[in-house]
file structure02.pdb (PDB, C-alpha atoms)
ATOM      1  CA  MET P   1     170.683 198.885 139.852
ATOM      2  CA  SER P   2     170.926 202.122 137.933
ATOM      3  CA  PRO P   3     172.332 204.639 137.226
ATOM      4  CA  MET P   4     175.679 203.147 136.246
ATOM      5  CA  PRO P   5     178.123 203.313 139.168
ATOM      6  CA  THR P   6     181.142 205.577 138.969
ATOM      7  CA  ASP P   7     183.080 203.553 141.551
ATOM      8  CA  MET P   8     183.197 199.997 142.804
ATOM      9  CA  VAL P   9     183.316 199.328 146.545
ATOM     10  CA  ASP P  10     184.205 196.402 148.790
ATOM     11  CA  ARG P  11     181.040 194.321 149.138
ATOM     12  CA  TRP P  12     182.186 192.748 152.380
ATOM     13  CA  ALA P  13     183.648 195.809 154.123
ATOM     14  CA  ASP P  14     180.611 196.308 156.363
ATOM     15  CA  ARG P  15     178.429 193.325 155.482
ATOM     16  CA  SER P  16     177.119 191.135 158.270
ATOM     17  CA  GLU P  17     177.770 187.467 157.496
ATOM     18  CA  PRO P  18     177.338 184.132 159.272
ATOM     19  CA  GLY P  19     180.227 183.060 161.444
ATOM     20  CA  PRO P  20     181.742 179.576 161.727
ATOM     21  CA  GLY P  21     179.006 177.013 162.273
ATOM     22  CA  GLN P  22     176.274 179.468 161.322
ATOM     23  CA  GLY P  23     174.306 179.497 158.115
ATOM     24  CA  LEU P  24     171.707 181.223 155.981
ATOM     25  CA  LEU P  25     168.876 179.491 154.159
ATOM     26  CA  TYR P  26     168.382 180.789 150.624
ATOM     27  CA  TRP P  27     165.926 180.079 147.866
ATOM     28  CA  HIS P  28     168.049 180.055 144.685
ATOM     29  CA  MET P  29     167.508 179.172 141.054
ATOM     30  CA  LEU P  30     170.736 177.257 140.447
ATOM     31  CA  LEU P  31     172.216 177.471 136.946
ATOM     32  CA  HIS P  32     174.911 174.777 137.018
ATOM     33  CA  ASP P  33     172.897 172.679 134.547
ATOM     34  CA  GLN P  34     172.382 175.503 132.033
ATOM     35  CA  PRO P  35     175.330 175.211 129.587
ATOM     36  CA  GLN P  36     174.361 178.328 127.612
ATOM     37  CA  VAL P  37     174.339 180.479 130.737
ATOM     38  CA  GLN P  38     177.564 178.854 131.902
ATOM     39  CA  ALA P  39     179.238 179.730 128.582
ATOM     40  CA  LEU P  40     177.924 183.290 128.712
ATOM     41  CA  ALA P  41     179.156 183.713 132.277
ATOM     42  CA  LYS P  42     182.585 182.406 131.311
ATOM     43  CA  LEU P  43     182.747 184.915 128.453
ATOM     44  CA  GLY P  44     181.969 187.729 130.865
ATOM     45  CA  GLN P  45     184.302 186.493 133.576
ATOM     46  CA  ASP P  46     187.156 186.082 131.085
ATOM     47  CA  ARG P  47     186.829 189.785 130.256
ATOM     48  CA  LEU P  48     186.849 190.638 133.962
ATOM     49  CA  ALA P  49     189.770 188.402 134.920
ATOM     50  CA  ALA P  50     192.385 191.087 134.288
ATOM     51  CA  PHE P  51     190.921 193.408 136.913
ATOM     52  CA  PRO P  52     192.113 193.157 140.517
ATOM     53  CA  GLY P  53     189.580 193.373 143.279
ATOM     54  CA  LEU P  54     186.890 191.206 141.662
ATOM     55  CA  HIS P  55     185.785 187.919 143.200
ATOM     56  CA  LEU P  56     184.406 185.706 140.419
ATOM     57  CA  VAL P  57     181.433 183.491 141.215
ATOM     58  CA  PRO P  58     182.317 179.780 140.789
ATOM     59  CA  SER P  59     180.522 178.256 137.809
ATOM     60  CA  LYS P  60     179.151 175.491 140.059
ATOM     61  CA  TRP P  61     177.212 178.063 142.088
ATOM     62  CA  LEU P  62     176.031 180.442 139.383
ATOM     63  CA  HIS P  63     172.515 181.312 140.516
ATOM     64  CA  ILE P  64     169.576 183.681 140.689
ATOM     65  CA  THR P  65     168.949 184.666 144.303
ATOM     66  CA  THR P  66     165.235 184.615 145.009
ATOM     67  CA  LEU P  67     164.756 184.959 148.776
ATOM     68  CA  ILE P  68     166.750 184.774 152.006
ATOM     69  CA  ALA P  69     164.483 182.578 154.123
ATOM     70  CA  GLY P  70     166.364 183.112 157.391
ATOM     71  CA  THR P  71     169.217 181.789 159.499
ATOM     72  CA  THR P  72     169.798 178.200 160.512
ATOM     73  CA  ASP P  73     169.354 179.373 164.106
ATOM     74  CA  GLU P  74     165.837 180.592 163.277
ATOM     75  CA  ILE P  75     164.606 177.808 160.990
ATOM     76  CA  THR P  76     164.457 174.221 162.199
ATOM     77  CA  ALA P  77     164.926 171.189 159.972
ATOM     78  CA  GLU P  78     161.202 170.454 160.314
ATOM     79  CA  GLU P  79     160.324 173.978 159.185
ATOM     80  CA  ALA P  80     162.670 173.652 156.217
ATOM     81  CA  ASP P  81     160.925 170.404 155.257
ATOM     82  CA  ARG P  82     157.554 172.156 155.442
ATOM     83  CA  MET P  83     158.856 174.999 153.271
ATOM     84  CA  VAL P  84     159.898 172.494 150.624
ATOM     85  CA  ALA P  85     156.586 170.631 150.801
ATOM     86  CA  VAL P  86     154.550 173.815 150.333
ATOM     87  CA  ALA P  87     156.745 174.968 147.443
ATOM     88  CA  GLU P  88     156.413 171.534 145.782
ATOM     89  CA  ARG P  89     152.627 171.773 145.986
ATOM     90  CA  LEU P  90     152.507 175.325 144.644
ATOM     91  CA  LEU P  91     154.895 174.564 141.762
ATOM     92  CA  ALA P  92     153.273 171.266 140.740
ATOM     93  CA  GLN P  93     151.500 172.844 137.774
ATOM     94  CA  THR P  94     154.117 175.467 136.861
ATOM     95  CA  PRO P  95     155.731 174.884 133.465
ATOM     96  CA  PRO P  96     159.390 175.823 132.783
ATOM     97  CA  ILE P  97     159.818 179.566 132.321
ATOM     98  CA  LYS P  98     161.799 180.881 129.365
ATOM     99  CA  VAL P  99     164.075 183.857 130.023
ATOM    100  CA  ILE P 100     166.897 185.612 128.201
ATOM    101  CA  PHE P 101     170.326 186.352 129.656
ATOM    102  CA  GLY P 102     172.618 188.869 127.972
ATOM    103  CA  ARG P 103     172.137 192.303 129.473
ATOM    104  CA  VAL P 104     174.924 193.294 131.869
ATOM    105  CA  LEU P 105     173.958 195.040 135.110
ATOM    106  CA  TYR P 106     176.371 197.041 137.249
ATOM    107  CA  HIS P 107     176.197 197.832 140.959
ATOM    108  CA  PRO P 108     178.964 199.305 143.141
ATOM    109  CA  GLN P 109     179.274 195.888 144.823
ATOM    110  CA  ALA P 110     178.742 193.514 141.884
ATOM    111  CA  ILE P 111     178.585 192.842 138.153
ATOM    112  CA  MET P 112     175.653 190.734 136.966
ATOM    113  CA  LEU P 113     173.799 189.178 134.063
ATOM    114  CA  GLY P 114     170.260 190.492 133.976
ATOM    115  CA  VAL P 115     167.188 188.345 133.315
ATOM    116  CA  GLN P 116     164.621 189.430 130.745
ATOM    117  CA  PRO P 117     161.733 189.795 131.073
ATOM    118  CA  ALA P 118     162.413 190.242 134.769
ATOM    119  CA  GLU P 119     158.769 190.260 135.785
ATOM    120  CA  ILE P 120     158.157 186.754 134.409
ATOM    121  CA  LEU P 121     159.926 185.267 137.452
ATOM    122  CA  SER P 122     157.937 187.272 140.022
ATOM    123  CA  PRO P 123     155.437 184.420 140.592
ATOM    124  CA  LEU P 124     158.343 182.247 141.761
ATOM    125  CA  LEU P 125     159.269 184.837 144.363
ATOM    126  CA  ASP P 126     155.637 184.779 145.515
ATOM    127  CA  VAL P 127     155.731 180.975 145.805
ATOM    128  CA  VAL P 128     158.882 180.755 147.922
ATOM    129  CA  GLN P 129     157.759 183.671 150.077
ATOM    130  CA  THR P 130     154.420 181.937 150.654
ATOM    131  CA  ALA P 131     156.209 178.683 151.503
ATOM    132  CA  THR P 132     158.581 180.476 153.891
ATOM    133  CA  ARG P 133     155.779 182.382 155.582
ATOM    134  CA  GLY P 134     153.632 179.289 155.955
ATOM    135  CA  ALA P 135     156.414 177.270 157.592
ATOM    136  CA  THR P 136     158.142 179.924 159.706
ATOM    137  CA  GLY P 137     155.679 182.797 160.129
ATOM    138  CA  ARG P 138     158.209 185.161 158.511
ATOM    139  CA  ASP P 139     158.371 186.589 154.992
ATOM    140  CA  GLY P 140     162.109 186.198 154.504
ATOM    141  CA  THR P 141     164.295 188.953 153.069
ATOM    142  CA  ILE P 142     164.646 190.192 149.495
ATOM    143  CA  ASP P 143     168.245 191.241 148.852
ATOM    144  CA  HIS P 144     167.319 194.124 146.541
ATOM    145  CA  ARG P 145     164.084 196.094 146.311
ATOM    146  CA  PRO P 146     162.534 196.101 143.848
ATOM    147  CA  TRP P 147     163.517 192.484 143.249
ATOM    148  CA  THR P 148     165.678 192.335 140.118
ATOM    149  CA  PRO P 149     166.447 188.732 139.143
ATOM    150  CA  HIS P 150     170.052 188.355 138.022
ATOM    151  CA  ALA P 151     173.043 186.023 138.006
ATOM    152  CA  THR P 152     176.118 187.598 139.576
ATOM    153  CA  LEU P 153     179.371 187.242 137.626
ATOM    154  CA  ALA P 154     181.680 188.944 140.129
ATOM    155  CA  TYR P 155     181.619 190.697 143.481
ATOM    156  CA  SER P 156     183.786 193.733 144.140
ATOM    157  CA  THR P 157     186.372 193.415 146.888
ATOM    158  CA  ARG P 158     187.996 196.851 146.683
ATOM    159  CA  ALA P 159     187.398 200.488 145.778
ATOM    160  CA  GLN P 160     188.248 201.293 142.170
ATOM    161  CA  PRO P 161     186.797 203.254 139.233
ATOM    162  CA  ALA P 162     183.959 201.429 137.482
ATOM    163  CA  ALA P 163     184.508 202.957 134.032
ATOM    164  CA  PRO P 164     187.382 200.670 132.900
ATOM    165  CA  ILE P 165     185.408 197.594 133.957
ATOM    166  CA  ILE P 166     182.295 198.776 132.139
ATOM    167  CA  ALA P 167     184.349 199.550 129.037
ATOM    168  CA  ALA P 168     185.893 196.067 129.048
ATOM    169  CA  LEU P 169     182.664 194.125 129.563
ATOM    170  CA  GLY P 170     180.101 196.420 127.974
ATOM    171  CA  ARG P 171     176.388 196.510 128.603
ATOM    172  CA  GLU P 172     175.314 193.536 126.482
ATOM    173  CA  LEU P 173     176.713 190.070 125.860
ATOM    174  CA  PRO P 174     175.400 187.690 123.179
ATOM    175  CA  GLY P 175     171.924 186.803 124.406
ATOM    176  CA  CYS P 176     170.824 183.260 125.172
ATOM    177  CA  GLU P 177     167.359 181.917 125.930
ATOM    178  CA  VAL P 178     167.045 179.261 128.612
ATOM    179  CA  SER P 179     164.260 177.548 130.527
ATOM    180  CA  ILE P 180     164.220 177.987 134.280
ATOM    181  CA  ASN P 181     162.791 174.696 135.506
ATOM    182  CA  SER P 182     163.513 174.418 139.232
ATOM    183  CA  VAL P 183     164.178 176.293 142.459
ATOM    184  CA  SER P 184     166.422 175.093 145.284
ATOM    185  CA  LEU P 185     166.600 175.600 149.028
ATOM    186  CA  VAL P 186     170.291 176.037 149.862
ATOM    187  CA  VAL P 187     172.217 176.426 153.120
ATOM    188  CA  GLN P 188     175.150 178.855 152.957
ATOM    189  CA  GLU P 189     177.539 177.970 155.767
ATOM    190  CA  GLY P 190     179.828 180.769 156.979
ATOM    191  CA  PRO P 191     180.907 183.815 154.924
ATOM    192  CA  GLU P 192     179.429 184.252 151.456
ATOM    193  CA  ARG P 193     182.736 184.321 149.568
ATOM    194  CA  LEU P 194     183.768 180.873 150.850
ATOM    195  CA  TRP P 195     180.985 179.210 148.805
ATOM    196  CA  ASP P 196     180.334 176.557 151.402
ATOM    197  CA  TRP P 197     176.882 175.712 150.077
ATOM    198  CA  ARG P 198     174.678 172.701 150.723
ATOM    199  CA  PRO P 199     171.472 172.258 148.710
ATOM    200  CA  ILE P 200     168.694 170.841 150.888
ATOM    201  CA  ALA P 201     166.183 170.274 148.108
ATOM    202  CA  THR P 202     165.681 171.090 144.449
ATOM    203  CA  ILE P 203     162.067 171.421 143.361
ATOM    204  CA  PRO P 204     161.390 170.861 139.666
ATOM    205  CA  PHE P 205     158.484 172.701 138.101
ATOM    206  CA  GLY P 206     155.438 170.798 136.934
ATOM    207  CA  VAL P 207     155.992 167.620 138.954
ATOM    208  CA  ARG P 208     152.963 166.349 140.894
TER     209      ARG P 208
END
call {"tool": "encode", "arguments": {"input": "structure02.pdb", "output": "structure tokens"}}
result
Amino acid sequence: MSPMPTDMVDRWADRSEPGPGQGLLYWHMLLHDQPQVQALAKLGQDRLAAFPGLHLVPSKWLHITTLIAGTTDEITAEEADRMVAVAERLLAQTPPIKVIFGRVLYHPQAIMLGVQPAEILSPLLDVVQTATRGATGRDGTIDHRPWTPHATLAYSTRAQPAAPIIAALGRELPGCEVSINSVSLVVQEGPERLWDWRPIATIPFGVR
């Protein structure tokens, strides 16, 4: 997600998305129950609110995308249940993982809060990929390579210079340390920006 972009672009101009009645299955670390991250995101989004062409992520669905497991056409309900069961077994002895939010990341399509240290969450990606592979025979899809865990504040919906946005938000917000303690399997119905999400299961860490 570097170097810093010179221009923002429309994320959804050429992006393939599910149609009505279709869905994508995601592994997400949901952050709705993390008040410090919620407050930090609000601070960032308040600074971005004056700019046109930015779609702010609803606080309810603030998240760290981990893996796109597949479409609801590809993955049956039974396979989804098996994915959850495998992930529960693999995470039964995993303690909560402490991370720091505060660094701001910029991409032509989005503005994000980075996670530090990023590599500390890599074992979680391995777990959900193993669970997905074991249940479906497929590895799923990582949205960005290399995987860079982050919580998106806003998606870009138009072309515009990035410099004024970067100047307004900066590259660092006041850091906060939080414990990541669960991962969720979520169905996204229809286009991404409609936020028609349905969590199937939330798997807490360290529960046998």
call {"tool": "resolve_selection", "arguments": {"input": "structure02.pdb", "expression": "the PyMOL selection byres ((chain P and resi 95) around 8)", "output": "CSV table (one decimal) with C-alpha atoms, in the coordinates of the input"}}
result
chain,number,residue,atom,x,y,z
P,93,GLN,CA,151.5,172.8,137.8
P,94,THR,CA,154.1,175.5,136.9
P,96,PRO,CA,159.4,175.8,132.8
P,97,ILE,CA,159.8,179.6,132.3
P,181,ASN,CA,162.8,174.7,135.5
P,205,PHE,CA,158.5,172.7,138.1
P,206,GLY,CA,155.4,170.8,136.9
call {"tool": "resolve_selection", "arguments": {"input": "structure02.pdb", "expression": "the PyMOL selection byres ((chain P and resi 178) around 6)", "output": "PyMOL selection string"}}
result
chain P and resi 98-99+177+179
call {"tool": "closest_residue", "arguments": {"input": "structure02.pdb", "among": "P:Ala85, P:Ala167, P:Met112, P:Leu24", "to": "Pro191 (chain P)", "atoms": "only C-alpha atoms"}}
result
P:Leu24
call {"tool": "residues_around", "arguments": {"input": "structure02.pdb", "residues": "Thr130 (chain P)", "least_positions_apart": "2", "cutoff": "9 Å", "atoms": "all atoms listed in the file", "output": "VMD selection string"}}
result
chain P and resid 83 86 to 87 125 to 128 132 to 135 139
call {"tool": "atom_distance", "arguments": {"input": "structure02.pdb", "atom1": "CA of Leu62 (chain P)", "atom2": "CA of Leu31 (chain P)"}}
result
5.4 Å
call {"tool": "closest_residue", "arguments": {"input": "structure02.pdb", "among": "P:Leu194, P:Leu54, P:Val115, P:Ala151", "to": "Pro18 (chain P)", "atoms": "all atoms listed in the file"}}
result
P:Leu194
call {"tool": "closest_residue", "arguments": {"input": "structure02.pdb", "among": "P:Val37, P:Leu48, P:Ile142, P:Leu124", "to": "Phe101 (chain P)", "atoms": "only C-alpha atoms"}}
result
P:Val37
call {"tool": "residues_around", "arguments": {"input": "structure02.pdb", "residues": "Gly102 (chain P)", "least_positions_apart": "6", "cutoff": "10 Å", "atoms": "all atoms listed in the file", "output": "mmCIF file with C-alpha atoms, keeping the file's coordinate frame"}}
result
data_model
loop_
_atom_site.group_PDB
_atom_site.id
_atom_site.type_symbol
_atom_site.label_atom_id
_atom_site.label_comp_id
_atom_site.auth_asym_id
_atom_site.auth_seq_id
_atom_site.Cartn_x
_atom_site.Cartn_y
_atom_site.Cartn_z
ATOM 1 C CA VAL P 37 174.339 180.479 130.737
ATOM 2 C CA LEU P 40 177.924 183.290 128.712
ATOM 3 C CA ALA P 41 179.156 183.713 132.277
ATOM 4 C CA GLY P 44 181.969 187.729 130.865
ATOM 5 C CA MET P 112 175.653 190.734 136.966
ATOM 6 C CA LEU P 113 173.799 189.178 134.063
ATOM 7 C CA GLY P 114 170.260 190.492 133.976
ATOM 8 C CA VAL P 115 167.188 188.345 133.315
ATOM 9 C CA GLN P 116 164.621 189.430 130.745
ATOM 10 C CA ARG P 171 176.388 196.510 128.603
ATOM 11 C CA GLU P 172 175.314 193.536 126.482
ATOM 12 C CA LEU P 173 176.713 190.070 125.860
ATOM 13 C CA PRO P 174 175.400 187.690 123.179
ATOM 14 C CA GLY P 175 171.924 186.803 124.406
ATOM 15 C CA CYS P 176 170.824 183.260 125.172
ATOM 16 C CA GLU P 177 167.359 181.917 125.930
#
call {"tool": "closest_residue", "arguments": {"input": "structure02.pdb", "among": "P:Lys42, P:His28, P:His144, P:Arg82", "to": "Val187 (chain P)", "atoms": "all atoms listed in the file"}}
result
P:His28
call {"tool": "resolve_selection", "arguments": {"input": "structure02.pdb", "expression": "the PyMOL selection byres ((chain P and resi 26) around 10)", "output": "JSON, numbers by chain"}}
result
{"P": [23, 24, 25, 27, 28, 29, 65, 66, 67, 68, 69, 70, 71, 128, 140, 141, 184, 185, 186, 187, 188, 197, 199, 200]}
call {"tool": "axis_aligned_box", "arguments": {"input": "structure02.pdb", "around": "region 184-189 of chain P", "padding_each_side": "6 Å", "output": "lines of an AutoDock Vina configuration file"}}
result
center_x = 172.0
center_y = 177.0
center_z = 150.5
size_x = 23.1
size_y = 15.8
size_z = 22.5
call {"tool": "residues_near_point", "arguments": {"input": "structure02.pdb", "point": "(178.2, 176.5, 167.4)", "cutoff": "12 Å", "atoms": "only C-alpha atoms", "output": "ChimeraX atom specification"}}
result
/P:18-23,72-73,189-190
call {"tool": "atom_distance", "arguments": {"input": "structure02.pdb", "atom1": "CA of Gly53 (chain P)", "atom2": "CA of Thr157 (chain P)"}}
result
4.8 Å
call {"tool": "residues_near_point", "arguments": {"input": "structure02.pdb", "point": "(177.0, 186.7, 139.5)", "cutoff": "8 Å", "atoms": "all atoms listed in the file", "output": "PyMOL selection string"}}
result
chain P and resi 56-57+62-63+110-113+150-155
call {"tool": "decode", "arguments": {"input": "structure02.pdb", "residues": "region 131-157 of chain P", "atoms": "N, CA and C atoms", "output": "CSV table (one decimal), in the first residue's frame"}}
result
chain,number,residue,atom,x,y,z
P,131,ALA,N,-9.0,-23.8,7.4
P,131,ALA,CA,-10.4,-24.2,7.6
P,131,ALA,C,-11.2,-24.2,6.3
P,132,THR,N,-10.9,-23.2,5.5
P,132,THR,CA,-11.6,-23.0,4.2
P,132,THR,C,-11.2,-24.2,3.2
P,133,ARG,N,-9.9,-24.4,3.2
P,133,ARG,CA,-9.4,-25.5,2.3
P,133,ARG,C,-9.9,-26.8,2.7
P,134,GLY,N,-9.9,-27.1,4.0
P,134,GLY,CA,-10.4,-28.4,4.5
P,134,GLY,C,-11.9,-28.6,4.2
P,135,ALA,N,-12.7,-27.6,4.2
P,135,ALA,CA,-14.1,-27.8,4.0
P,135,ALA,C,-14.5,-27.7,2.5
P,136,THR,N,-13.8,-26.9,1.7
P,136,THR,CA,-14.2,-26.6,0.3
P,136,THR,C,-13.2,-27.1,-0.7
P,137,GLY,N,-12.0,-27.4,-0.3
P,137,GLY,CA,-11.0,-27.8,-1.3
P,137,GLY,C,-10.3,-26.6,-2.0
P,138,ARG,N,-10.7,-25.4,-1.6
P,138,ARG,CA,-10.1,-24.2,-2.2
P,138,ARG,C,-9.5,-23.3,-1.1
P,139,ASP,N,-8.5,-22.5,-1.5
P,139,ASP,CA,-7.7,-21.7,-0.5
P,139,ASP,C,-8.4,-20.4,-0.2
P,140,GLY,N,-9.4,-20.0,-0.9
P,140,GLY,CA,-10.0,-18.7,-0.7
P,140,GLY,C,-9.1,-17.6,-1.4
P,141,THR,N,-9.5,-16.4,-1.3
P,141,THR,CA,-8.8,-15.3,-1.9
P,141,THR,C,-8.3,-14.2,-0.9
P,142,ILE,N,-7.1,-13.8,-1.0
P,142,ILE,CA,-6.6,-12.7,-0.2
P,142,ILE,C,-6.7,-11.4,-1.0
P,143,ASP,N,-7.4,-10.4,-0.4
P,143,ASP,CA,-7.7,-9.2,-1.2
P,143,ASP,C,-6.4,-8.5,-1.6
P,144,HIS,N,-5.4,-8.4,-0.8
P,144,HIS,CA,-4.2,-7.8,-1.1
P,144,HIS,C,-3.0,-8.7,-0.8
P,145,ARG,N,-2.0,-8.7,-1.7
P,145,ARG,CA,-0.8,-9.5,-1.5
P,145,ARG,C,0.4,-8.5,-1.6
P,146,PRO,N,1.3,-8.6,-0.6
P,146,PRO,CA,1.1,-9.4,0.6
P,146,PRO,C,0.0,-8.9,1.5
P,147,TRP,N,-0.6,-9.9,2.3
P,147,TRP,CA,-1.7,-9.5,3.2
P,147,TRP,C,-1.2,-8.5,4.2
P,148,THR,N,-2.0,-7.4,4.2
P,148,THR,CA,-1.7,-6.3,5.1
P,148,THR,C,-2.9,-6.0,5.9
P,149,PRO,N,-3.0,-6.5,7.2
P,149,PRO,CA,-4.2,-6.4,8.0
P,149,PRO,C,-4.5,-4.9,8.2
P,150,HIS,N,-5.7,-4.5,8.1
P,150,HIS,CA,-6.1,-3.1,8.2
P,150,HIS,C,-7.6,-3.0,8.5
P,151,ALA,N,-8.0,-1.8,9.0
P,151,ALA,CA,-9.4,-1.5,9.1
P,151,ALA,C,-9.7,-0.3,8.2
P,152,THR,N,-10.6,-0.5,7.2
P,152,THR,CA,-10.8,0.6,6.3
P,152,THR,C,-11.7,1.6,6.9
P,153,LEU,N,-11.3,2.9,6.8
P,153,LEU,CA,-12.2,4.0,7.2
P,153,LEU,C,-13.1,4.5,6.1
P,154,ALA,N,-12.6,4.5,4.9
P,154,ALA,CA,-13.4,5.1,3.8
P,154,ALA,C,-12.9,4.5,2.5
P,155,TYR,N,-13.9,4.3,1.6
P,155,TYR,CA,-13.6,3.9,0.2
P,155,TYR,C,-13.8,5.1,-0.7
P,156,SER,N,-13.0,5.1,-1.7
P,156,SER,CA,-13.1,6.2,-2.7
P,156,SER,C,-14.1,5.9,-3.8
P,157,THR,N,-14.9,6.9,-4.1
P,157,THR,CA,-16.0,6.7,-5.1
P,157,THR,C,-15.8,7.6,-6.3
